[in-house]
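What follows is the content of final.cif (mmCIF, C-alpha atoms).
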data_model
#
loop_
_atom_site.group_PDB
_atom_site.id
_atom_site.type_symbol
_atom_site.label_atom_id
_atom_site.label_comp_id
_atom_site.auth_asym_id
_atom_site.auth_seq_id
_atom_site.Cartn_x
_atom_site.Cartn_y
_atom_site.Cartn_z
ATOM 1 C CA GLY P 14 195.592 163.977 143.387
ATOM 2 C CA ALA P 15 193.287 161.100 144.253
ATOM 3 C CA ASP P 16 192.832 159.789 147.793
ATOM 4 C CA GLY P 17 193.559 156.280 146.562
ATOM 5 C CA LEU P 18 193.352 153.717 143.795
ATOM 6 C CA ILE P 19 190.526 151.184 143.529
ATOM 7 C CA VAL P 20 190.673 148.146 141.281
ATOM 8 C CA LEU P 21 187.328 146.761 140.086
ATOM 9 C CA GLY P 22 187.586 143.012 139.572
ATOM 10 C CA PRO P 23 185.230 140.233 138.477
ATOM 11 C CA GLY P 24 182.710 138.788 140.896
ATOM 12 C CA VAL P 25 183.401 135.688 142.962
ATOM 13 C CA THR P 26 180.843 133.233 144.397
ATOM 14 C CA ASP P 27 177.828 135.368 145.375
ATOM 15 C CA ALA P 28 179.421 138.771 144.662
ATOM 16 C CA ASP P 29 178.881 140.812 141.496
ATOM 17 C CA ALA P 30 182.346 142.363 141.695
ATOM 18 C CA THR P 31 185.481 142.603 143.829
ATOM 19 C CA MET P 32 187.223 145.700 145.157
ATOM 20 C CA THR P 33 190.932 146.066 145.861
ATOM 21 C CA LEU P 34 191.979 149.337 147.478
ATOM 22 C CA PHE P 35 195.310 151.132 147.778
ATOM 23 C CA ASN P 36 195.853 154.357 149.706
ATOM 24 C CA ALA P 37 197.663 157.296 148.133
ATOM 25 C CA ASP P 38 200.946 156.148 149.697
ATOM 26 C CA GLY P 39 200.657 152.780 147.929
ATOM 27 C CA ASP P 40 199.797 150.718 150.991
ATOM 28 C CA PRO P 41 196.818 148.364 150.709
ATOM 29 C CA ALA P 42 193.751 149.377 152.739
ATOM 30 C CA GLU P 43 190.917 147.304 154.129
ATOM 31 C CA MET P 44 187.861 149.375 153.293
ATOM 32 C CA SER P 45 186.589 152.695 151.963
ATOM 33 C CA GLY P 46 182.942 153.617 152.347
ATOM 34 C CA ASN P 47 183.024 156.389 149.754
ATOM 35 C CA GLY P 48 185.378 154.360 147.585
ATOM 36 C CA ILE P 49 183.003 151.432 147.331
ATOM 37 C CA ARG P 50 180.168 153.840 146.451
ATOM 38 C CA CYS P 51 182.351 155.228 143.642
ATOM 39 C CA LEU P 52 183.127 151.678 142.541
ATOM 40 C CA ALA P 53 179.383 151.079 142.275
ATOM 41 C CA TRP P 54 179.163 153.868 139.687
ATOM 42 C CA GLU P 55 181.689 152.141 137.427
ATOM 43 C CA ALA P 56 180.350 148.633 138.099
ATOM 44 C CA VAL P 57 176.840 149.621 137.039
ATOM 45 C CA ARG P 58 178.224 151.339 133.939
ATOM 46 C CA ARG P 59 179.822 148.012 133.014
ATOM 47 C CA GLY P 60 176.564 146.139 133.490
ATOM 48 C CA LEU P 61 177.299 144.490 136.835
ATOM 49 C CA GLY P 62 174.448 143.948 139.289
ATOM 50 C CA ASP P 63 170.781 144.366 138.442
ATOM 51 C CA GLY P 64 170.749 148.169 138.310
ATOM 52 C CA LYS P 65 169.289 148.475 141.806
ATOM 53 C CA ARG P 66 171.519 146.298 143.976
ATOM 54 C CA LEU P 67 175.184 145.356 143.830
ATOM 55 C CA VAL P 68 177.152 142.939 146.009
ATOM 56 C CA VAL P 69 180.880 143.639 146.241
ATOM 57 C CA SER P 70 183.555 141.429 147.794
ATOM 58 C CA THR P 71 186.336 143.246 149.641
ATOM 59 C CA GLY P 72 188.044 140.097 150.955
ATOM 60 C CA VAL P 73 188.022 136.326 150.984
ATOM 61 C CA GLU P 74 185.415 135.733 153.687
ATOM 62 C CA SER P 75 181.631 135.995 153.422
ATOM 63 C CA ARG P 76 181.616 138.764 156.056
ATOM 64 C CA ASP P 77 183.666 140.841 153.627
ATOM 65 C CA ARG P 78 180.674 141.225 151.288
ATOM 66 C CA ARG P 79 179.106 144.672 151.034
ATOM 67 C CA GLU P 80 175.632 145.236 149.604
ATOM 68 C CA ILE P 81 175.023 148.528 147.783
ATOM 69 C CA THR P 82 171.733 150.007 146.622
ATOM 70 C CA VAL P 83 171.938 152.586 143.841
ATOM 71 C CA GLU P 84 169.808 155.386 142.425
ATOM 72 C CA LEU P 85 169.955 155.994 138.673
ATOM 73 C CA ASP P 86 169.174 158.968 136.460
ATOM 74 C CA ASP P 87 167.270 158.751 133.172
ATOM 75 C CA SER P 88 170.442 157.721 131.336
ATOM 76 C CA GLY P 89 171.017 154.797 133.701
ATOM 77 C CA ALA P 90 174.008 156.359 135.473
ATOM 78 C CA VAL P 91 174.363 156.121 139.251
ATOM 79 C CA THR P 92 173.616 159.397 141.039
ATOM 80 C CA ALA P 93 173.599 158.120 144.632
ATOM 81 C CA ALA P 94 174.592 154.958 146.427
ATOM 82 C CA THR P 95 173.998 153.534 149.891
ATOM 83 C CA VAL P 96 176.203 150.757 151.234
ATOM 84 C CA ASP P 97 175.672 148.426 154.170
ATOM 85 C CA MET P 98 178.987 148.800 155.969
ATOM 86 C CA GLY P 99 178.423 145.986 158.473
ATOM 87 C CA ALA P 100 178.693 146.509 162.203
ATOM 88 C CA VAL P 101 180.909 149.071 163.912
ATOM 89 C CA THR P 102 183.058 147.427 166.560
ATOM 90 C CA PHE P 103 184.429 148.860 169.789
ATOM 91 C CA GLU P 104 186.309 145.664 170.674
ATOM 92 C CA PRO P 105 190.019 146.553 170.958
ATOM 93 C CA ALA P 106 191.238 143.316 169.347
ATOM 94 C CA GLU P 107 188.963 143.817 166.342
ATOM 95 C CA ILE P 108 189.884 147.454 165.666
ATOM 96 C CA PRO P 109 192.842 146.637 166.344
ATOM 97 C CA LEU P 110 193.809 148.679 169.412
ATOM 98 C CA ARG P 111 196.392 147.995 172.105
ATOM 99 C CA ALA P 112 194.364 149.238 175.060
ATOM 100 C CA PRO P 113 192.009 147.685 177.615
ATOM 101 C CA SER P 114 189.083 149.696 176.255
ATOM 102 C CA ALA P 115 188.220 151.700 173.146
ATOM 103 C CA PHE P 116 186.388 154.285 175.227
ATOM 104 C CA ASP P 117 187.539 157.560 176.774
ATOM 105 C CA LEU P 118 190.960 157.603 175.178
ATOM 106 C CA THR P 119 193.217 160.616 175.484
ATOM 107 C CA ALA P 120 195.925 161.733 173.103
ATOM 108 C CA GLU P 121 198.268 164.668 173.491
ATOM 109 C CA PHE P 122 200.419 166.452 170.964
ATOM 110 C CA HIS P 123 202.154 169.855 171.165
ATOM 111 C CA GLY P 124 200.324 170.722 174.373
ATOM 112 C CA VAL P 125 196.849 169.921 173.032
ATOM 113 C CA GLU P 126 194.978 167.131 174.808
ATOM 114 C CA TYR P 127 192.328 165.308 172.824
ATOM 115 C CA HIS P 128 189.544 163.057 174.108
ATOM 116 C CA GLY P 129 187.573 160.472 172.171
ATOM 117 C CA ASP P 130 186.960 156.835 171.345
ATOM 118 C CA ALA P 131 188.373 154.247 168.956
ATOM 119 C CA ALA P 132 186.175 152.287 166.571
ATOM 120 C CA GLY P 133 186.554 149.727 163.813
ATOM 121 C CA VAL P 134 184.637 149.869 160.516
ATOM 122 C CA GLY P 135 186.725 147.290 158.709
ATOM 123 C CA ASN P 136 189.595 149.712 159.324
ATOM 124 C CA PRO P 137 190.759 151.543 162.472
ATOM 125 C CA HIS P 138 189.538 154.974 163.585
ATOM 126 C CA LEU P 139 190.315 157.376 166.412
ATOM 127 C CA VAL P 140 187.352 159.747 166.800
ATOM 128 C CA LEU P 141 188.199 162.913 168.719
ATOM 129 C CA LEU P 142 185.620 165.382 170.032
ATOM 130 C CA VAL P 143 186.700 168.999 169.500
ATOM 131 C CA ASP P 144 185.024 172.379 169.935
ATOM 132 C CA ASP P 145 185.294 173.390 166.282
ATOM 133 C CA PRO P 146 186.651 171.106 163.543
ATOM 134 C CA ALA P 147 187.172 174.158 161.295
ATOM 135 C CA VAL P 148 190.068 175.355 163.450
ATOM 136 C CA ALA P 149 191.332 171.942 164.612
ATOM 137 C CA ARG P 150 194.970 171.260 163.716
ATOM 138 C CA VAL P 151 194.075 168.328 161.499
ATOM 139 C CA VAL P 152 197.162 168.400 159.284
ATOM 140 C CA GLN P 153 199.714 169.150 161.994
ATOM 141 C CA HIS P 154 198.371 166.751 164.615
ATOM 142 C CA GLY P 155 196.566 164.163 162.507
ATOM 143 C CA SER P 156 199.801 163.138 160.822
ATOM 144 C CA ARG P 157 201.301 162.291 164.220
ATOM 145 C CA LEU P 158 198.184 160.763 165.765
ATOM 146 C CA GLU P 159 197.934 158.386 162.779
ATOM 147 C CA HIS P 160 201.040 156.696 164.196
ATOM 148 C CA ASP P 161 199.780 156.444 167.797
ATOM 149 C CA ASP P 162 201.521 153.417 169.338
ATOM 150 C CA ARG P 163 198.187 151.983 170.496
ATOM 151 C CA PHE P 164 197.177 151.322 166.873
ATOM 152 C CA PRO P 165 199.391 148.572 165.413
ATOM 153 C CA ASN P 166 198.049 149.192 161.888
ATOM 154 C CA ARG P 167 198.060 152.997 162.295
ATOM 155 C CA THR P 168 194.712 154.784 162.330
ATOM 156 C CA ASN P 169 192.419 157.255 160.635
ATOM 157 C CA VAL P 170 191.757 160.293 162.821
ATOM 158 C CA GLU P 171 188.416 162.133 162.883
ATOM 159 C CA PHE P 172 187.963 165.571 164.469
ATOM 160 C CA ILE P 173 184.229 165.984 165.130
ATOM 161 C CA ALA P 174 181.645 168.189 166.803
ATOM 162 C CA VAL P 175 177.880 167.793 167.121
ATOM 163 C CA THR P 176 176.640 171.009 165.523
ATOM 164 C CA ALA P 177 172.843 170.440 165.423
ATOM 165 C CA PRO P 178 170.414 167.739 166.537
ATOM 166 C CA GLY P 179 171.322 164.659 164.544
ATOM 167 C CA GLU P 180 174.139 166.425 162.719
ATOM 168 C CA ILE P 181 177.923 166.161 162.990
ATOM 169 C CA THR P 182 180.625 168.304 161.426
ATOM 170 C CA MET P 183 183.830 166.400 160.699
ATOM 171 C CA ARG P 184 187.308 166.811 159.312
ATOM 172 C CA VAL P 185 189.471 163.765 158.842
ATOM 173 C CA TRP P 186 193.092 162.763 158.535
ATOM 174 C CA GLU P 187 193.119 159.520 156.560
ATOM 175 C CA ARG P 188 195.793 156.939 157.224
ATOM 176 C CA GLY P 189 198.286 156.836 154.377
ATOM 177 C CA VAL P 190 196.610 159.729 152.570
ATOM 178 C CA GLY P 191 196.430 162.949 154.591
ATOM 179 C CA GLU P 192 193.496 165.286 155.134
ATOM 180 C CA THR P 193 190.709 164.452 152.690
ATOM 181 C CA LEU P 194 187.446 166.104 151.719
ATOM 182 C CA SER P 195 185.374 163.134 152.877
ATOM 183 C CA CYS P 196 185.731 159.718 154.510
ATOM 184 C CA GLY P 197 182.867 157.225 154.488
ATOM 185 C CA THR P 198 184.188 154.845 157.107
ATOM 186 C CA GLY P 199 185.183 157.865 159.194
ATOM 187 C CA ALA P 200 181.632 159.201 159.023
ATOM 188 C CA CYS P 201 180.335 155.819 160.203
ATOM 189 C CA ALA P 202 182.833 155.708 163.060
ATOM 190 C CA ALA P 203 182.048 159.296 164.065
ATOM 191 C CA ALA P 204 178.286 158.682 164.063
ATOM 192 C CA ALA P 205 178.670 155.469 166.069
ATOM 193 C CA VAL P 206 180.873 157.155 168.666
ATOM 194 C CA ALA P 207 178.520 160.133 169.006
ATOM 195 C CA HIS P 208 175.539 157.766 169.254
ATOM 196 C CA ARG P 209 177.171 155.674 171.985
ATOM 197 C CA ARG P 210 177.815 158.872 173.923
ATOM 198 C CA GLY P 211 174.139 159.856 173.604
ATOM 199 C CA LEU P 212 174.860 162.893 171.434
ATOM 200 C CA VAL P 213 172.868 161.840 168.342
ATOM 201 C CA GLY P 214 170.107 159.415 167.402
ATOM 202 C CA ASP P 215 170.009 156.570 164.898
ATOM 203 C CA HIS P 216 169.976 158.797 161.798
ATOM 204 C CA VAL P 217 172.939 161.141 161.454
ATOM 205 C CA ILE P 218 173.938 163.683 158.816
ATOM 206 C CA VAL P 219 177.707 164.088 158.675
ATOM 207 C CA HIS P 220 178.942 167.360 157.184
ATOM 208 C CA VAL P 221 182.389 167.113 155.613
ATOM 209 C CA PRO P 222 184.196 169.591 153.310
ATOM 210 C CA GLY P 223 183.268 167.451 150.300
ATOM 211 C CA GLY P 224 179.522 167.458 151.022
ATOM 212 C CA ASP P 225 177.058 165.619 153.252
ATOM 213 C CA LEU P 226 176.816 161.927 154.081
ATOM 214 C CA THR P 227 173.978 160.101 155.812
ATOM 215 C CA VAL P 228 174.607 157.376 158.372
ATOM 216 C CA ASP P 229 171.845 155.120 159.666
ATOM 217 C CA LEU P 230 172.780 153.112 162.736
ATOM 218 C CA GLY P 231 171.390 149.726 163.712
ATOM 219 C CA ASP P 232 172.690 146.175 163.846
ATOM 220 C CA THR P 233 174.703 147.266 160.825
ATOM 221 C CA VAL P 234 175.529 150.756 159.573
ATOM 222 C CA ARG P 235 174.282 152.149 156.269
ATOM 223 C CA LEU P 236 176.241 154.927 154.574
ATOM 224 C CA GLY P 237 174.632 157.004 151.844
ATOM 225 C CA GLY P 238 175.342 159.988 149.654
ATOM 226 C CA SER P 239 175.614 161.290 146.130
ATOM 227 C CA VAL P 240 178.035 159.920 143.534
ATOM 228 C CA THR P 241 179.375 162.265 140.855
ATOM 229 C CA HIS P 242 181.391 161.262 137.813
ATOM 230 C CA VAL P 243 184.387 163.587 137.334
ATOM 231 C CA PHE P 244 186.346 162.272 134.340
ATOM 232 C CA ASP P 245 187.656 159.184 132.580
ATOM 233 C CA VAL P 246 191.347 158.477 132.194
ATOM 234 C CA ASP P 247 193.371 155.831 130.357
ATOM 235 C CA VAL P 248 196.649 154.700 131.927
#
Render the structure in this file as structure tokens.
Amino acid sequence: GADGLIVLGPGVTDADATMTLFNADGDPAEMSGNGIRCLAWEAVRRGLGDGKRLVVSTGVESRDRREITVELDDSGAVTAATVDMGAVTFEPAEIPLRAPSAFDLTAEFHGVEYHGDAAGVGNPHLVLLVDDPAVARVVQHGSRLEHDDRFPNRTNVEFIAVTAPGEITMRVWERGVGETLSCGTGACAAAAVAHRRGLVGDHVIVHVPGGDLTVDLGDTVRLGGSVTHVFDVDV
């Protein structure tokens, strides 16, 4: 029932730990904003980092390092984590996207025409603006839009609406997973798209079925939210 599988590995060079991610369908994935915040919970429990800051490697290059700041309760367990996700890109080659521009894309399925933008947050996203995400056909249409021919690596699909000043409501179809309760990279992509369109400011609250995330936009994007331990399992 999990969205994916994350493997916590030993640190390399200047990183405290490494993260390897697999989606629910078994395919490897580039990045998960919420996943790396969950990984921080386990890493701190195992004594990695200094209890306030954790550097995680998600790849072989220095740009694949992610810095996480954590909040602890009285027992020393992580209760919230904020990760520097790096910069959001709208460059088609970096997303990757087979189109002249990432802006003002249209997609049509079963007579419904969607409008939005593509963005890259270490993985590809198609952010669609809809009237009401609650009634959007996320499952029926997201599964098809994931395989849009313009995205050579497939794509995550966000259905978003600006519902209050500085606030976005979002549902998401995650590539290789399906509809999920939350998506950290999707929240970053959605906030960046809405910001570029002048719909929100630099600080954005993203409401998803699993709770609220905060996104702070600048030269890089910071993603924050609570982290809750559910259970331990031995395999």
What lies within 7 Å of Leu118 in chain P using only C-alpha atoms, ignoring chain neighbours under 5 positions off, as a CSV table (one decimal) with C-alpha atoms, keeping the file's coordinate frame?
chain,number,residue,atom,x,y,z
P,128,HIS,CA,189.5,163.1,174.1
P,129,GLY,CA,187.6,160.5,172.2
P,130,ASP,CA,187.0,156.8,171.3
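Nearest-residue note for Cys201 in chain P: choosing from P:His154, P:Arg163, P:Leu141, P:Met98, the minimum distance belongs to P:Met98, counting only C-alpha atoms.
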Set out as a Markdown table a contact list for range 21-105 of chain P and range 182-197 of chain P with a cut-off of 9 Å, giving each residue of range 21-105 of chain P that qualifies its closest atom pair and distance in Å to one decimal, counting all atoms listed in the file, ordered by chain and rising residue number.
| residue | atom | partner | partner_atom | distance |
| --- | --- | --- | --- | --- |
| P:Asn36 | CA | P:Gly189 | CA | 5.8 |
| P:Ala37 | CA | P:Val190 | CA | 5.2 |
| P:Asp38 | CA | P:Gly189 | CA | 5.4 |
| P:Gly39 | CA | P:Gly189 | CA | 8.0 |
| P:Asp40 | CA | P:Gly189 | CA | 7.2 |
| P:Ala42 | CA | P:Gly189 | CA | 8.9 |
| P:Ser45 | CA | P:Gly197 | CA | 6.4 |
| P:Gly46 | CA | P:Gly197 | CA | 4.2 |
| P:Asn47 | CA | P:Gly197 | CA | 4.8 |
| P:Gly48 | CA | P:Gly197 | CA | 7.9 |
If I wrap all listed atoms of range 180-190 of chain P in a box with edges along x, y and z and add 3 Å on each side, what are its centre and edge lengths in Å to one decimal, as AutoDock Vina command-line options?
--center_x 186.2 --center_y 162.6 --center_z 157.8 --size_x 30.1 --size_y 17.5 --size_z 16.4
* To do: Record the distance separating CA of Leu230 in chain P and CA of Phe172 in chain P, expressed in Å with one decimal.
  => 19.7 Å
* Asked: Just so the selection is clear, what residues does the PyMOL selection byres ((chain P and resi 109) around 7) cover here, as a count of residues only?
  -> 9
* Asked: When the PyMOL selection byres ((chain P and resi 242) around 10) is applied to the file above, which residues end up in the set, as number ranges by chain?
  -> P: 51, 54-55, 90-92, 240-241, 243-245
Once the PyMOL selection byres ((chain P and resi 234) around 10) has been applied to the shown file, what residues remain in the selection, as a compact mmCIF listing (two decimals) with C-alpha atoms, in the coordinates of the input?
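Produced file result18.txt, reproduced below:
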# COMPACT_ATOMS: atom_id res chain seq x y z
CA VAL P 96 176.20 150.76 151.23
CA ASP P 97 175.67 148.43 154.17
CA MET P 98 178.99 148.80 155.97
CA GLY P 99 178.42 145.99 158.47
CA ALA P 100 178.69 146.51 162.20
CA VAL P 101 180.91 149.07 163.91
CA VAL P 134 184.64 149.87 160.52
CA THR P 198 184.19 154.84 157.11
CA CYS P 201 180.34 155.82 160.20
CA ALA P 202 182.83 155.71 163.06
CA ALA P 204 178.29 158.68 164.06
CA ALA P 205 178.67 155.47 166.07
CA ASP P 215 170.01 156.57 164.90
CA VAL P 228 174.61 157.38 158.37
CA ASP P 229 171.84 155.12 159.67
CA LEU P 230 172.78 153.11 162.74
CA GLY P 231 171.39 149.73 163.71
CA ASP P 232 172.69 146.18 163.85
CA THR P 233 174.70 147.27 160.82
CA ARG P 235 174.28 152.15 156.27
CA LEU P 236 176.24 154.93 154.57
CA GLY P 237 174.63 157.00 151.84
* Top pick for closest residue to Val219 in chain P, considering P:Ser239, P:Ser156, P:Thr95, P:Thr176 and counting only C-alpha atoms -> P:Thr176
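The shortest atom-to-atom distance to Ala203 in chain P, with only C-alpha atoms taken into account, belongs to P:Ala131 out of P:Asn136, P:Ala131, P:Val151, P:Thr82.
Using all atoms listed in the file for every distance, the candidate list P:Val25, P:Val221, P:Val206, P:Met32 yields P:Val206 as the residue closest to Thr102 in chain P.
A straight line drawn from CA of Leu61 in chain P to CA of Asp29 in chain P is 6.1 Å long.
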